[in-house]
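**Q** Structure below; questions to follow.
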Amino acid sequence: MRKSPIAGSWYPGTSAELTKLVTDLLAAALLPEIKGRPCGLISPHAGIQFSGGAAACGYKALQGQTVKRVILMGPSHYTCMHGMAVSGVEAYETPLGKVRVDRKICDALARQPLFQGPSHAEMPEHSLEMQLPFLQVVLGEFDLVPLVVGELGKHDYAVAAVELRKYMNEETLVVASSDF
């Protein structure tokens, strides 16, 4: 289990406060008409008071959509590494509850050289966790494939795309947690 190291500082630490804040941000978000189902989202990951409004605009597009799996990629701020680090835990926990990690996919990815970054990279990482409250409110229950992204060479992007494509279907969403 990965318990939140940032609940209560980067976002509210209680379920009631966090649910209200995310719900209010989603209600206030302006969203142009979108045709079709989003298969990916780029979302900021600063503290919710700084980036929550922008994040809510993207997550609002997912309301009413059926998503069973989220492949979540976030940049590494604390671990210097090449490639990606795959989650080593069974679940992530926020004040809104537990999010189950898809062990089958994570274990399969971890057998690929590009995805063999240190599993401890996820523990302090806020870039992944800042997406979870929005995902939990908008989607409810889903399986998570959390990936901490380190430095990638120009050929690594294609390798990553080929590997991740194996797990894409109409009920999968890719979220790129962005510094910008």
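Following the order of the structure tokens, first chain is A, next is B, and so on, with residues numbered from 1 inside each chain and ligands from 1 in the order they appear.
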Using DSSP on the backbone coordinates, identify all residues within segment 84-125 of chain A classified as helix (DSSP H, G or I); present the result as a compact mmCIF listing (two decimals) with all heavy atoms, in the first residue's frame.
**A**
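result.txt was written with the following content:
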# COMPACT_ATOMS: atom_id res chain seq x y z
N ARG A 103 -1.70 -5.19 -10.96
CA ARG A 103 -0.45 -5.92 -10.78
C ARG A 103 -0.08 -6.71 -12.03
O ARG A 103 1.10 -6.83 -12.36
CB ARG A 103 -0.55 -6.89 -9.59
CG ARG A 103 -0.60 -6.23 -8.25
CD ARG A 103 0.68 -5.59 -7.71
NE ARG A 103 1.87 -5.74 -8.46
CZ ARG A 103 2.66 -4.72 -8.82
NH1 ARG A 103 2.38 -3.49 -8.49
NH2 ARG A 103 3.77 -4.94 -9.50
N LYS A 104 -1.05 -7.26 -12.72
CA LYS A 104 -0.76 -8.07 -13.90
C LYS A 104 -0.01 -7.24 -14.95
O LYS A 104 1.02 -7.67 -15.48
CB LYS A 104 -2.05 -8.65 -14.49
CG LYS A 104 -1.83 -9.56 -15.66
CD LYS A 104 -3.15 -10.13 -16.15
CE LYS A 104 -2.94 -10.98 -17.39
NZ LYS A 104 -4.19 -11.46 -17.97
N ILE A 105 -0.53 -6.06 -15.23
CA ILE A 105 0.12 -5.20 -16.22
C ILE A 105 1.44 -4.67 -15.69
O ILE A 105 2.45 -4.66 -16.41
CB ILE A 105 -0.82 -4.05 -16.65
CG1 ILE A 105 -1.99 -4.63 -17.43
CG2 ILE A 105 -0.07 -3.02 -17.48
CD1 ILE A 105 -3.05 -3.62 -17.82
N CYS A 106 1.46 -4.23 -14.45
CA CYS A 106 2.71 -3.71 -13.88
C CYS A 106 3.81 -4.77 -13.89
O CYS A 106 4.96 -4.48 -14.24
CB CYS A 106 2.47 -3.19 -12.46
SG CYS A 106 1.57 -1.62 -12.42
N ASP A 107 3.47 -5.99 -13.53
CA ASP A 107 4.46 -7.07 -13.52
C ASP A 107 4.96 -7.38 -14.93
O ASP A 107 6.15 -7.61 -15.14
CB ASP A 107 3.89 -8.32 -12.86
CG ASP A 107 3.62 -8.14 -11.37
OD1 ASP A 107 4.14 -7.16 -10.78
OD2 ASP A 107 2.89 -8.97 -10.79
N ALA A 108 4.05 -7.35 -15.91
CA ALA A 108 4.45 -7.59 -17.30
C ALA A 108 5.37 -6.48 -17.80
O ALA A 108 6.40 -6.75 -18.44
CB ALA A 108 3.22 -7.72 -18.19
N LEU A 109 5.03 -5.23 -17.51
CA LEU A 109 5.88 -4.10 -17.93
C LEU A 109 7.25 -4.17 -17.27
O LEU A 109 8.27 -3.88 -17.90
CB LEU A 109 5.20 -2.77 -17.60
CG LEU A 109 4.03 -2.38 -18.49
CD1 LEU A 109 3.33 -1.15 -17.93
CD2 LEU A 109 4.48 -2.13 -19.93
N ALA A 110 7.29 -4.56 -16.00
CA ALA A 110 8.55 -4.60 -15.25
C ALA A 110 9.54 -5.61 -15.84
O ALA A 110 10.74 -5.54 -15.55
CB ALA A 110 8.27 -4.91 -13.79
N PRO A 113 13.02 -4.06 -20.36
CA PRO A 113 14.16 -3.25 -19.91
C PRO A 113 13.85 -1.77 -19.66
O PRO A 113 14.33 -1.20 -18.69
CB PRO A 113 15.19 -3.41 -21.04
CG PRO A 113 14.85 -4.73 -21.66
CD PRO A 113 13.35 -4.85 -21.55
N LEU A 114 13.04 -1.16 -20.51
CA LEU A 114 12.75 0.27 -20.35
C LEU A 114 11.96 0.57 -19.08
O LEU A 114 11.98 1.68 -18.58
CB LEU A 114 11.99 0.80 -21.58
CG LEU A 114 11.73 2.30 -21.61
CD1 LEU A 114 13.05 3.08 -21.68
CD2 LEU A 114 10.85 2.66 -22.79
N PHE A 115 11.27 -0.42 -18.55
CA PHE A 115 10.37 -0.23 -17.41
C PHE A 115 10.96 -0.79 -16.11
O PHE A 115 10.23 -1.15 -15.20
CB PHE A 115 9.02 -0.90 -17.69
CG PHE A 115 8.26 -0.23 -18.80
CD1 PHE A 115 8.50 -0.58 -20.13
CD2 PHE A 115 7.32 0.75 -18.54
CE1 PHE A 115 7.80 0.04 -21.16
CE2 PHE A 115 6.63 1.37 -19.56
CZ PHE A 115 6.87 1.01 -20.87
N SER A 119 11.60 0.69 -8.08
CA SER A 119 10.20 0.75 -7.64
C SER A 119 9.98 1.78 -6.53
O SER A 119 8.87 2.29 -6.37
CB SER A 119 9.71 -0.63 -7.20
OG SER A 119 10.46 -1.10 -6.11
N HIS A 120 11.03 2.11 -5.78
CA HIS A 120 10.87 3.11 -4.71
C HIS A 120 10.64 4.51 -5.26
O HIS A 120 10.25 5.43 -4.52
CB HIS A 120 12.08 3.11 -3.77
CG HIS A 120 13.36 3.57 -4.42
ND1 HIS A 120 13.64 4.90 -4.63
CD2 HIS A 120 14.40 2.88 -4.93
CE1 HIS A 120 14.82 5.01 -5.23
NE2 HIS A 120 15.30 3.79 -5.42
N ALA A 121 10.81 4.72 -6.56
CA ALA A 121 10.64 6.05 -7.16
C ALA A 121 9.23 6.59 -6.95
O ALA A 121 9.02 7.80 -6.88
CB ALA A 121 10.97 6.01 -8.64
N GLU A 122 8.23 5.72 -6.83
CA GLU A 122 6.85 6.16 -6.70
C GLU A 122 6.51 6.68 -5.30
O GLU A 122 5.55 7.42 -5.13
CB GLU A 122 5.89 5.03 -7.06
CG GLU A 122 5.83 3.93 -6.02
CD GLU A 122 4.99 2.76 -6.45
OE1 GLU A 122 3.87 2.94 -6.97
OE2 GLU A 122 5.47 1.62 -6.28
**Q** At a cut-off of 6 Å, using only C-alpha atoms, what residues contact segment 146-157 of chain A? Leave out same-chain residues fewer than 4 positions from it and give the result as a short mmCIF file (atom, residue, chain, number, x, y, z; two decimals) with N, CA, C and O atoms, in the first residue's frame.
**A**
data_model
loop_
_atom_site.label_atom_id
_atom_site.label_comp_id
_atom_site.auth_asym_id
_atom_site.auth_seq_id
_atom_site.Cartn_x
_atom_site.Cartn_y
_atom_site.Cartn_z
N LEU A 72 -1.22 5.88 -15.82
CA LEU A 72 -0.85 7.20 -15.31
C LEU A 72 0.66 7.36 -15.34
O LEU A 72 1.38 6.59 -14.69
N MET A 73 1.13 8.34 -16.09
CA MET A 73 2.57 8.61 -16.19
C MET A 73 2.87 9.99 -15.63
O MET A 73 2.20 10.95 -15.98
N GLY A 74 3.87 10.03 -14.75
CA GLY A 74 4.28 11.30 -14.18
C GLY A 74 5.79 11.40 -14.12
O GLY A 74 6.48 10.40 -13.90
N PRO A 75 6.32 12.61 -14.30
CA PRO A 75 7.77 12.77 -14.26
C PRO A 75 8.33 12.55 -12.86
O PRO A 75 7.68 12.85 -11.86
N SER A 76 9.54 12.04 -12.83
CA SER A 76 10.23 11.81 -11.56
C SER A 76 10.86 13.10 -11.07
O SER A 76 11.66 13.71 -11.77
N MET A 81 16.87 8.64 -12.95
CA MET A 81 16.89 7.31 -13.58
C MET A 81 16.68 7.43 -15.08
O MET A 81 16.16 8.43 -15.56
N HIS A 82 17.06 6.39 -15.77
CA HIS A 82 16.73 6.25 -17.19
C HIS A 82 15.52 5.34 -17.28
O HIS A 82 15.40 4.38 -16.54
N GLY A 83 14.60 5.66 -18.17
CA GLY A 83 13.43 4.81 -18.37
C GLY A 83 12.30 5.13 -17.42
O GLY A 83 12.15 6.26 -16.96
N MET A 84 11.51 4.09 -17.12
CA MET A 84 10.33 4.26 -16.28
C MET A 84 10.37 3.28 -15.12
O MET A 84 10.90 2.18 -15.25
N ALA A 85 9.79 3.70 -14.01
CA ALA A 85 9.66 2.84 -12.84
C ALA A 85 8.21 2.40 -12.73
O ALA A 85 7.30 3.23 -12.74
N VAL A 86 8.02 1.11 -12.65
CA VAL A 86 6.68 0.52 -12.53
C VAL A 86 6.35 0.38 -11.05
O VAL A 86 7.21 0.10 -10.23
N SER A 87 5.09 0.52 -10.72
CA SER A 87 4.66 0.43 -9.33
C SER A 87 4.97 -0.94 -8.73
O SER A 87 4.83 -1.97 -9.39
#
**Q** Give me, as a list in words, the residues of segment 98-147 of chain A that a backbone DSSP run labels strand (DSSP E or B).
**A**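 Here is the list: Lys98, Val99, Arg100, Val101, Gln116, Asp143, Leu144, Val145, Pro146 and Leu147 of chain A.
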**Q** Convert the current residue selection to file output with all heavy atoms, as a tab-separated table (two decimals), in the first residue's frame.
**A**
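Output below, filename out_22.tsv:
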chain	number	residue	atom	x	y	z
A	98	LYS	N	-8.94	3.72	-1.47
A	98	LYS	CA	-7.86	3.00	-2.14
A	98	LYS	C	-8.13	2.88	-3.64
A	98	LYS	O	-9.26	2.69	-4.05
A	98	LYS	CB	-7.72	1.60	-1.54
A	98	LYS	CG	-7.30	1.62	-0.10
A	98	LYS	CD	-7.28	0.22	0.48
A	98	LYS	CE	-6.94	0.30	1.97
A	98	LYS	NZ	-7.05	-1.01	2.61
A	99	VAL	N	-7.06	2.97	-4.40
A	99	VAL	CA	-7.10	2.75	-5.83
A	99	VAL	C	-6.24	1.52	-6.11
A	99	VAL	O	-5.04	1.52	-5.83
A	99	VAL	CB	-6.57	3.96	-6.63
A	99	VAL	CG1	-6.60	3.68	-8.13
A	99	VAL	CG2	-7.35	5.22	-6.29
A	100	ARG	N	-6.85	0.50	-6.65
A	100	ARG	CA	-6.17	-0.77	-6.92
A	100	ARG	C	-5.18	-0.62	-8.07
A	100	ARG	O	-5.50	-0.09	-9.13
A	100	ARG	CB	-7.23	-1.82	-7.25
A	100	ARG	CG	-6.75	-3.23	-7.42
A	100	ARG	CD	-7.90	-4.19	-7.67
A	100	ARG	NE	-8.81	-3.72	-8.72
A	100	ARG	CZ	-10.07	-3.34	-8.49
A	100	ARG	NH1	-10.60	-3.36	-7.30
A	100	ARG	NH2	-10.82	-2.94	-9.51
A	101	VAL	N	-3.95	-1.12	-7.85
A	101	VAL	CA	-2.93	-1.14	-8.89
A	101	VAL	C	-3.10	-2.43	-9.68
A	101	VAL	O	-3.28	-3.51	-9.11
A	101	VAL	CB	-1.51	-1.05	-8.28
A	101	VAL	CG1	-0.43	-1.32	-9.31
A	101	VAL	CG2	-1.30	0.32	-7.64
A	116	GLN	N	12.29	-0.83	-16.01
A	116	GLN	CA	12.92	-1.42	-14.83
A	116	GLN	C	13.55	-0.39	-13.91
A	116	GLN	O	14.51	-0.67	-13.20
A	116	GLN	CB	13.94	-2.48	-15.26
A	116	GLN	CG	13.27	-3.67	-15.90
A	116	GLN	CD	14.23	-4.75	-16.34
A	116	GLN	OE1	15.44	-4.57	-16.33
A	116	GLN	NE2	13.69	-5.88	-16.73
A	143	ASP	N	-8.81	0.50	-12.22
A	143	ASP	CA	-7.48	-0.07	-11.96
A	143	ASP	C	-6.44	0.92	-12.45
A	143	ASP	O	-6.63	1.59	-13.48
A	143	ASP	CB	-7.31	-1.40	-12.68
A	143	ASP	CG	-8.15	-2.50	-12.07
A	143	ASP	OD1	-8.48	-2.41	-10.87
A	143	ASP	OD2	-8.48	-3.46	-12.79
A	144	LEU	N	-5.33	0.99	-11.74
A	144	LEU	CA	-4.29	1.97	-12.00
A	144	LEU	C	-3.00	1.29	-12.42
A	144	LEU	O	-2.60	0.29	-11.83
A	144	LEU	CB	-4.06	2.80	-10.73
A	144	LEU	CG	-3.03	3.92	-10.79
A	144	LEU	CD1	-3.51	5.02	-11.73
A	144	LEU	CD2	-2.81	4.48	-9.38
A	145	VAL	N	-2.35	1.86	-13.44
A	145	VAL	CA	-1.02	1.45	-13.85
A	145	VAL	C	-0.14	2.70	-13.69
A	145	VAL	O	-0.02	3.51	-14.61
A	145	VAL	CB	-0.99	0.94	-15.31
A	145	VAL	CG1	0.43	0.53	-15.71
A	145	VAL	CG2	-1.96	-0.21	-15.50
A	146	PRO	N	0.44	2.90	-12.49
A	146	PRO	CA	1.25	4.10	-12.26
A	146	PRO	C	2.70	3.92	-12.72
A	146	PRO	O	3.34	2.93	-12.39
A	146	PRO	CB	1.18	4.28	-10.74
A	146	PRO	CG	0.84	2.94	-10.19
A	146	PRO	CD	0.23	2.13	-11.29
A	147	LEU	N	3.19	4.88	-13.48
A	147	LEU	CA	4.54	4.84	-14.03
A	147	LEU	C	5.25	6.15	-13.75
A	147	LEU	O	4.78	7.21	-14.14
A	147	LEU	CB	4.48	4.61	-15.54
A	147	LEU	CG	3.77	3.35	-16.02
A	147	LEU	CD1	3.55	3.41	-17.52
A	147	LEU	CD2	4.55	2.12	-15.62
**Q** Could you name the residues that touch Phe50 of chain A at 12 Å or less, counting only C-alpha atoms, but leaving out those on the same chain fewer than 5 positions away, as a ChimeraX atom specification?
**A** /A:10-11,25,44-45,55-56,130,179-180
**Q** For C-alpha atoms, I'd like the residues from the last selection saved as an mmCIF file, in the first residue's frame.
**A**
data_model
loop_
_atom_site.group_PDB
_atom_site.id
_atom_site.type_symbol
_atom_site.label_atom_id
_atom_site.label_comp_id
_atom_site.auth_asym_id
_atom_site.auth_seq_id
_atom_site.Cartn_x
_atom_site.Cartn_y
_atom_site.Cartn_z
ATOM 1 C CA TRP A 10 -0.971 19.545 -1.443
ATOM 2 C CA TYR A 11 -4.712 18.897 -1.184
ATOM 3 C CA LEU A 25 -13.666 22.639 -9.258
ATOM 4 C CA PRO A 44 -0.963 19.572 -14.316
ATOM 5 C CA HIS A 45 0.232 18.324 -10.936
ATOM 6 C CA ALA A 55 -6.941 19.903 -14.032
ATOM 7 C CA ALA A 56 -10.713 20.058 -13.561
ATOM 8 C CA MET A 130 -2.127 14.729 -7.666
ATOM 9 C CA ASP A 179 4.828 20.111 -15.098
ATOM 10 C CA PHE A 180 3.267 22.696 -17.414
#
**Q** Using only C-alpha atoms, which residue out of A:Val67, A:Leu18, A:Ala91, A:Met1 lies closest to Cys39 of chain A?
**A** A:Val67
**Q** With a distance cut-off of 9 Å and only C-alpha atoms, select the neighbouring residues of Leu62 of chain A, excluding the residue or stretch itself and same-chain residues fewer than 3 positions from it, and output the selection as a list in words.
**A**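 My reading of the contact set: Arg37, Pro38, Gly58, Tyr59, Gln65, Thr66, Val67, Leu135, Val138 and Leu139 of chain A.
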**Q** Restricting it to C-alpha atoms, dump the selection as a PDB file, in the first residue's frame.
**A**
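Result saved to result_35.pdb:
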ATOM      1  CA  ARG A  37     -14.543   9.566 -25.919  1.00  0.00           C
ATOM      2  CA  PRO A  38     -11.222  10.950 -24.715  1.00  0.00           C
ATOM      3  CA  GLY A  58      -9.621  18.026 -18.436  1.00  0.00           C
ATOM      4  CA  TYR A  59     -11.284  15.714 -15.957  1.00  0.00           C
ATOM      5  CA  GLN A  65     -17.383   7.958 -19.526  1.00  0.00           C
ATOM      6  CA  THR A  66     -16.665   4.301 -18.793  1.00  0.00           C
ATOM      7  CA  VAL A  67     -13.025   3.912 -17.832  1.00  0.00           C
ATOM      8  CA  LEU A 135      -9.854  10.324 -11.098  1.00  0.00           C
ATOM      9  CA  VAL A 138     -14.958  11.388 -11.791  1.00  0.00           C
ATOM     10  CA  LEU A 139     -14.467   7.665 -12.444  1.00  0.00           C
TER      11      LEU A 139
END
**Q** Just the residues within 10 Å of segment 166-168 of chain A, please, counting only C-alpha atoms, with nothing from its chain fewer than 4 positions along; format it as a PyMOL selection string.
**A** chain A and resi 39+69-71+105+145+161-162+172-174
**Q** Any chance you can output those residues with N, CA, C and O atoms as a compact mmCIF listing (two decimals), in the first residue's frame?
**A**
# COMPACT_ATOMS: atom_id res chain seq x y z
N CYS A 39 -9.33 9.45 -25.00
CA CYS A 39 -8.50 8.29 -24.67
C CYS A 39 -7.25 8.71 -23.92
O CYS A 39 -6.51 7.87 -23.42
N ARG A 69 -9.53 1.27 -16.64
CA ARG A 69 -8.10 1.25 -16.38
C ARG A 69 -7.51 2.61 -16.73
O ARG A 69 -7.85 3.20 -17.76
N VAL A 70 -6.60 3.09 -15.87
CA VAL A 70 -5.89 4.34 -16.12
C VAL A 70 -4.40 4.05 -16.10
O VAL A 70 -3.86 3.56 -15.10
N ILE A 71 -3.74 4.33 -17.23
CA ILE A 71 -2.28 4.29 -17.28
C ILE A 71 -1.83 5.71 -16.98
O ILE A 71 -2.09 6.63 -17.75
N ILE A 105 -0.53 -6.06 -15.23
CA ILE A 105 0.12 -5.20 -16.22
C ILE A 105 1.44 -4.67 -15.69
O ILE A 105 2.45 -4.66 -16.41
N VAL A 145 -2.35 1.86 -13.44
CA VAL A 145 -1.02 1.45 -13.85
C VAL A 145 -0.14 2.70 -13.69
O VAL A 145 -0.02 3.51 -14.61
N ALA A 161 5.73 3.39 -26.28
CA ALA A 161 4.42 3.38 -26.96
C ALA A 161 4.02 1.98 -27.38
O ALA A 161 2.86 1.58 -27.20
N VAL A 162 4.95 1.21 -27.92
CA VAL A 162 4.66 -0.16 -28.35
C VAL A 162 4.25 -1.01 -27.15
O VAL A 162 3.27 -1.76 -27.20
N THR A 172 -9.72 2.10 -21.51
CA THR A 172 -8.44 2.52 -20.94
C THR A 172 -8.22 4.00 -21.23
O THR A 172 -8.46 4.46 -22.35
N LEU A 173 -7.73 4.70 -20.25
CA LEU A 173 -7.37 6.12 -20.37
C LEU A 173 -5.90 6.27 -20.04
O LEU A 173 -5.41 5.66 -19.09
N VAL A 174 -5.19 7.09 -20.81
CA VAL A 174 -3.81 7.44 -20.51
C VAL A 174 -3.80 8.86 -19.97
O VAL A 174 -4.37 9.76 -20.58
**Q** Could you tell me how far atom CA of Tyr92 of chain A lies from atom CA of Ser4 of chain A, in Å and to one decimal?
**A** 7.6 Å
**Q** By how many Å are atom CA of Glu129 of chain A and atom CA of Pro12 of chain A apart?
**A**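 Distance reported for this atom pair: 12.8 Å.
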